[in-house]
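S.K.: I have a structure here, written as C-alpha cells, and I will follow up with some questions on it.
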Amino acid sequence: MKPPESLVFAVQSRCAAQVAWLVLLAVALSAGLGALIVLPMLRPAAKQRPGIAREAIGFAGTIPLAGDFLTTHHSAGRDAMLPGKRGQEAMTGDAFERWIDLAPIAGGTLLTVPDGAVQPVLKRMRLDSVKGELRFASFGPGAWLEGKAEAGAKGLPLDSAYPEPTLSVIQMVRFRPEPGGSVSTVQLANSSSGQQWVDMRASWDGSFEVFLGPARRPIKVTGAGPAGRFFIVGLTWEAKKLTGKAVLTVRPEGGGQRKTAEIKYVPPGSLEPLDQVRLGEKTGASSGVLEVLETLVFNRNLRPEHLRAIEDWLYRHHVGGVPLEANGSVP
C-alpha cells in the first residue's frame, strides 16, 4: 500500500529544507562568517536578578567538636513542630510546642510547652537581598519550653562518672527586657533532684550573668552592648578540680568588643548530671522578649580556641561571614 501523496510531499519538503540549511551553513563558514552564527549560541546567559528572600543560613560546614561532645542542640527554628500535628514542622509566623534536639550524642532532649505556658513563635528578620531572612524562635512573656534527656542517656554535662565533670553552653540570642528587668535565656538542671545548676540571664542594661550551682554563685559580664542586637554568649565550666573555674564570654553580632569574666568555683556538694533544659521563663517570671537563634550544650570545658571556632561557625551559619571586632579581627 502506497503512502498518501500529501505525506510523501511533506517528507520530501522537510528533507529539502534540511539540505538547504546545510548548504547555507557551508557557504557561510567558507565565507568566514562562522563567528556571526556560532558566537550568538555561545553568548552567556544574562545574570539572574536576586530571587525572593530566603532563610539566611549559609553553608558553614559541621559544628566544631559536635560529633564528640555536643549533647543538646536546638537551632534557628529547625524542627520546631506545630501543636497537635505530630510530624509537621512549623513555618514562619506559627506558634509551636515541640523543639527537637539535633545533637548527635546523648541528646534526645525534646523540648515541649508545659501546661500553662505560652507557646513561642517562629519569626523572621529581613537582612538583605543576598543573605535573605533570618529565622528565630521568639519567646514572649510567659513563653517557655522544657524537656529532659531520654532515660539512660550517657555523656551528660557534669556527670560525676567522668574524672573531671565539665560543661560548656553557647547561645546566639537577642533580648528586649523591660526597663530594670532581665530575661533567662537557658537553664540546666537535674530532673531527679530538681536542683538548678546553670541559669543564664540577659539584663536590660546589656549585661549577662550566669548563676552556677544550687548556691547560685554569680559570674557577670557588664557593658556587652545595647539590648536589641544579637549576642553569642558562651559559658565554660570546669567544676571539680581544686583550681576549677568558670568563664563567661559575650560577643556582639555585627562588631563590638568581645568581653569575658572569670571566677574560680568548685561546688561544695556532689555534682549531678544535667539532663533537663529550659528555654525562656515560667509564666509570671519573664520581664521581656527573648529571641533564640541557637542553643548548644557540650559535656566538655571548651578551650578558648574551640570556643572561638564555634562562635565563628555561628556567624557563618546565620549571617554569612565573620565581622571585625572593635579590637581587631577575629581569628
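By order of appearance in the C-alpha cells: chains A, B, ..., then residues from 1 within every chain, and ligands from 1 in the order shown.
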So that I can see what lies close to range 162-169 of chain A, please list as a list in words the residues with an atom at most 8 Å from it, counting only C-alpha atoms and leaving out residues fewer than 5 positions away in the same chain.

M.R.: Pro157, Gly234, Leu235, Thr236, Trp237, Glu238, Ala239, Lys240, Lys241, Thr295, Leu296, Val297, Phe298, Asn299, Arg300, Asn301 and Leu302 of chain A

S.K.: Could you write out the selected residues, including C-alpha atoms, as an mmCIF file, in the first residue's frame?

M.R.:
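That gives us selection-v7.cif:
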```cif
data_model
loop_
_atom_site.group_PDB
_atom_site.id
_atom_site.type_symbol
_atom_site.label_atom_id
_atom_site.label_comp_id
_atom_site.auth_asym_id
_atom_site.auth_seq_id
_atom_site.Cartn_x
_atom_site.Cartn_y
_atom_site.Cartn_z
ATOM 1 C CA PRO A 157 27.282 17.605 81.369
ATOM 2 C CA GLY A 234 29.427 31.253 75.996
ATOM 3 C CA LEU A 235 29.921 29.632 79.387
ATOM 4 C CA THR A 236 32.691 27.119 80.076
ATOM 5 C CA TRP A 237 32.900 25.471 83.496
ATOM 6 C CA GLU A 238 35.373 23.011 84.962
ATOM 7 C CA ALA A 239 33.562 22.153 88.132
ATOM 8 C CA LYS A 240 35.581 19.659 90.191
ATOM 9 C CA LYS A 241 39.270 20.490 90.117
ATOM 10 C CA THR A 295 21.481 26.795 71.818
ATOM 11 C CA LEU A 296 24.318 24.299 72.183
ATOM 12 C CA VAL A 297 25.334 22.353 75.287
ATOM 13 C CA PHE A 298 28.635 20.434 75.412
ATOM 14 C CA ASN A 299 29.817 17.955 78.046
ATOM 15 C CA ARG A 300 33.327 19.441 77.928
ATOM 16 C CA ASN A 301 35.022 22.598 79.134
ATOM 17 C CA LEU A 302 35.884 24.045 75.708
#
```

S.K.: Do a neighbour search on range 101-103 of chain A at 12 Å with only C-alpha atoms, toss out local chain neighbours closer than 5 positions, and write the hits as a ChimeraX atom specification.

M.R.: /A:62-63,65-81,108-112,146-150,155-156,277,294-299

S.K.: Name the residues of range 254-307 of chain A that come out as strand (DSSP E) in a backbone DSSP run; write them as a list in words.

M.R.: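 Secondary structure check on range 254-307 of chain A, strand (DSSP E): Lys259, Thr260, Ala261, Glu262, Ile263, Lys264, Gln276, Val277, Arg278, Leu279, Gly280, Gly288, Val289, Leu290, Glu291, Val292, Leu293, Glu294, Thr295, Leu296, Val297 and Phe298 of chain A.
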
S.K.: Which residues of range 102-202 of chain A sit at most 12 Å from range 308-317 of chain A, using only C-alpha atoms? Give each one's shortest atom pair and distance in Å (one decimal place), in chain and ascending residue order, as a tab-separated table.

M.R.:
```
residue	atom	partner	partner_atom	distance
A:Lys131	CA	A:His317	CA	10.9
A:Leu134	CA	A:His317	CA	10.5
A:Arg135	CA	A:His317	CA	11.8
A:Ser168	CA	A:Ile310	CA	11.4
A:Val169	CA	A:Ile310	CA	11.1
A:Ile170	CA	A:Glu311	CA	8.4
A:Gln171	CA	A:Leu314	CA	9.3
A:Met172	CA	A:Leu314	CA	7.7
A:Val173	CA	A:Leu314	CA	11.2
```

S.K.: Take the residues from that selection and write them out as a JSON list (two decimals), in the first residue's frame, keeping N, CA and C atoms.

M.R.:
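Result file follows (out.json):
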```
[["chain", "number", "residue", "atom", "x", "y", "z"],
["A", 131, "LYS", "N", 21.56, 37.85, 51.55],
["A", 131, "LYS", "CA", 21.53, 36.97, 52.71],
["A", 131, "LYS", "C", 20.13, 36.47, 53.03],
["A", 134, "LEU", "N", 16.42, 36.00, 58.29],
["A", 134, "LEU", "CA", 16.91, 35.25, 59.44],
["A", 134, "LEU", "C", 15.70, 34.78, 60.24],
["A", 135, "ARG", "N", 15.66, 33.49, 60.52],
["A", 135, "ARG", "CA", 14.53, 32.93, 61.26],
["A", 135, "ARG", "C", 14.97, 32.60, 62.68],
["A", 168, "SER", "N", 29.97, 23.17, 78.78],
["A", 168, "SER", "CA", 30.01, 24.43, 78.05],
["A", 168, "SER", "C", 28.63, 24.68, 77.47],
["A", 169, "VAL", "N", 28.19, 25.92, 77.54],
["A", 169, "VAL", "CA", 26.90, 26.32, 76.99],
["A", 169, "VAL", "C", 27.14, 27.51, 76.07],
["A", 170, "ILE", "N", 26.61, 27.44, 74.86],
["A", 170, "ILE", "CA", 26.76, 28.54, 73.90],
["A", 170, "ILE", "C", 25.40, 28.86, 73.31],
["A", 171, "GLN", "N", 25.05, 30.13, 73.31],
["A", 171, "GLN", "CA", 23.79, 30.58, 72.72],
["A", 171, "GLN", "C", 24.02, 31.78, 71.82],
["A", 172, "MET", "N", 23.20, 31.88, 70.77],
["A", 172, "MET", "CA", 23.11, 33.11, 69.98],
["A", 172, "MET", "C", 21.70, 33.63, 70.18],
["A", 173, "VAL", "N", 21.59, 34.79, 70.85],
["A", 173, "VAL", "CA", 20.28, 35.28, 71.29],
["A", 173, "VAL", "C", 20.18, 36.79, 71.09]]
```

S.K.: Extract, using only C-alpha atoms, all DNA, RNA and protein residues at most 8 Å from Leu122 in chain A, discarding same-chain residues fewer than 3 positions from it, and format them as a list of chain:residue names.

M.R.: A:Gly77, A:Ala90, A:Met91, A:Thr92, A:Gly93, A:Asp94, A:Ala95, A:Phe96, A:Arg135, A:Phe136, A:Ala137, A:Ser138

S.K.: Those residues with N, CA and C atoms, as a short mmCIF file (atom, residue, chain, number, x, y, z; two decimals), in the first residue's frame please?

M.R.:
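Once everything was written out, this is again23.cif:
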```
data_model
loop_
_atom_site.label_atom_id
_atom_site.label_comp_id
_atom_site.auth_asym_id
_atom_site.auth_seq_id
_atom_site.Cartn_x
_atom_site.Cartn_y
_atom_site.Cartn_z
N GLY A 77 14.89 27.63 64.62
CA GLY A 77 13.59 27.24 64.11
C GLY A 77 13.56 25.91 63.41
N ALA A 90 6.74 23.57 61.96
CA ALA A 90 6.16 24.91 61.96
C ALA A 90 6.88 25.78 60.94
N MET A 91 6.16 26.76 60.39
CA MET A 91 6.69 27.71 59.45
C MET A 91 6.70 29.10 60.09
N THR A 92 7.31 30.06 59.39
CA THR A 92 7.39 31.41 59.91
C THR A 92 6.00 31.94 60.26
N GLY A 93 5.88 32.49 61.45
CA GLY A 93 4.61 33.02 61.91
C GLY A 93 3.80 32.05 62.75
N ASP A 94 4.22 30.79 62.79
CA ASP A 94 3.49 29.77 63.55
C ASP A 94 3.96 29.72 65.00
N ALA A 95 3.01 29.52 65.90
CA ALA A 95 3.36 29.12 67.26
C ALA A 95 3.69 27.64 67.24
N PHE A 96 4.60 27.21 68.10
CA PHE A 96 4.97 25.79 68.13
C PHE A 96 5.08 25.31 69.56
N ARG A 135 15.66 33.49 60.52
CA ARG A 135 14.53 32.93 61.26
C ARG A 135 14.97 32.60 62.68
N PHE A 136 14.10 32.88 63.65
CA PHE A 136 14.44 32.64 65.05
C PHE A 136 13.17 32.32 65.83
N ALA A 137 13.37 31.77 67.02
CA ALA A 137 12.26 31.46 67.91
C ALA A 137 12.09 32.60 68.90
N SER A 138 10.89 33.15 68.96
CA SER A 138 10.61 34.29 69.83
C SER A 138 9.80 33.85 71.04
#
```

S.K.: Got a sec: who's within 12 Å of Phe139 in chain A, counting only C-alpha atoms, leaving out chain neighbours fewer than 5 positions off, as a PyMOL selection string?

M.R.: chain A and resi 95-97+113+117-123+144-145+173-177+183-186+278-283+286-293

S.K.: What does the distance from CA of Gly180 in chain A to CA of Pro252 in chain A come to in Å, to one decimal?

M.R.: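 Distance reported for this atom pair: 20.8 Å.
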
S.K.: Suppose you want the space between CA of Glu272 in chain A and CA of His306 in chain A; what is it in Å?

M.R.: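 Separation of CA of Glu272 in chain A and CA of His306 in chain A: 24.9 Å.
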
S.K.: Kindly assemble as JSON lines a list of the range 216-281 of chain A residues that lie within 10 Å of range 195-208 of chain A, each paired with its nearest atom pair and their distance in Å to one decimal, using only C-alpha atoms, sorted first by chain and then by ascending residue number.

M.R.:
```
{"residue": "A:Arg216", "atom": "CA", "partner": "A:Trp197", "partner_atom": "CA", "distance": 7.6}
{"residue": "A:Arg217", "atom": "CA", "partner": "A:Val198", "partner_atom": "CA", "distance": 9.6}
{"residue": "A:Pro218", "atom": "CA", "partner": "A:Asp199", "partner_atom": "CA", "distance": 9.4}
{"residue": "A:Ile219", "atom": "CA", "partner": "A:Phe208", "partner_atom": "CA", "distance": 8.5}
{"residue": "A:Lys220", "atom": "CA", "partner": "A:Phe208", "partner_atom": "CA", "distance": 5.8}
{"residue": "A:Val221", "atom": "CA", "partner": "A:Phe208", "partner_atom": "CA", "distance": 5.3}
{"residue": "A:Thr222", "atom": "CA", "partner": "A:Ser207", "partner_atom": "CA", "distance": 4.3}
{"residue": "A:Gly223", "atom": "CA", "partner": "A:Ser207", "partner_atom": "CA", "distance": 5.5}
{"residue": "A:Ala224", "atom": "CA", "partner": "A:Gly206", "partner_atom": "CA", "distance": 5.5}
{"residue": "A:Gly225", "atom": "CA", "partner": "A:Gly206", "partner_atom": "CA", "distance": 5.1}
{"residue": "A:Pro226", "atom": "CA", "partner": "A:Gly206", "partner_atom": "CA", "distance": 5.1}
{"residue": "A:Ala227", "atom": "CA", "partner": "A:Gly206", "partner_atom": "CA", "distance": 5.4}
{"residue": "A:Gly228", "atom": "CA", "partner": "A:Gly206", "partner_atom": "CA", "distance": 9.1}
{"residue": "A:Arg229", "atom": "CA", "partner": "A:Gly206", "partner_atom": "CA", "distance": 9.7}
{"residue": "A:Phe231", "atom": "CA", "partner": "A:Gly206", "partner_atom": "CA", "distance": 10.0}
{"residue": "A:Val233", "atom": "CA", "partner": "A:Phe208", "partner_atom": "CA", "distance": 8.2}
{"residue": "A:Gly234", "atom": "CA", "partner": "A:Met200", "partner_atom": "CA", "distance": 9.7}
{"residue": "A:Leu235", "atom": "CA", "partner": "A:Met200", "partner_atom": "CA", "distance": 8.8}
{"residue": "A:Leu248", "atom": "CA", "partner": "A:Phe208", "partner_atom": "CA", "distance": 8.6}
{"residue": "A:Thr249", "atom": "CA", "partner": "A:Phe208", "partner_atom": "CA", "distance": 9.0}
{"residue": "A:Val250", "atom": "CA", "partner": "A:Phe208", "partner_atom": "CA", "distance": 7.7}
{"residue": "A:Pro267", "atom": "CA", "partner": "A:Trp197", "partner_atom": "CA", "distance": 9.8}
{"residue": "A:Leu271", "atom": "CA", "partner": "A:Trp197", "partner_atom": "CA", "distance": 9.1}
{"residue": "A:Glu272", "atom": "CA", "partner": "A:Trp197", "partner_atom": "CA", "distance": 8.7}
{"residue": "A:Pro273", "atom": "CA", "partner": "A:Trp197", "partner_atom": "CA", "distance": 9.6}
{"residue": "A:Leu274", "atom": "CA", "partner": "A:Trp197", "partner_atom": "CA", "distance": 7.8}
{"residue": "A:Gln276", "atom": "CA", "partner": "A:Gln196", "partner_atom": "CA", "distance": 9.0}
{"residue": "A:Val277", "atom": "CA", "partner": "A:Val198", "partner_atom": "CA", "distance": 9.6}
{"residue": "A:Arg278", "atom": "CA", "partner": "A:Asp199", "partner_atom": "CA", "distance": 9.4}
{"residue": "A:Leu279", "atom": "CA", "partner": "A:Met200", "partner_atom": "CA", "distance": 9.9}
{"residue": "A:Gly280", "atom": "CA", "partner": "A:Arg201", "partner_atom": "CA", "distance": 9.8}
```

S.K.: So, with only C-alpha atoms as the atoms that count, which of A:Pro104, A:Pro64, A:Ala215, A:Asp159 lies closest to Gly269 in chain A?

M.R.: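 Result for the nearest residue to Gly269 in chain A: A:Ala215.
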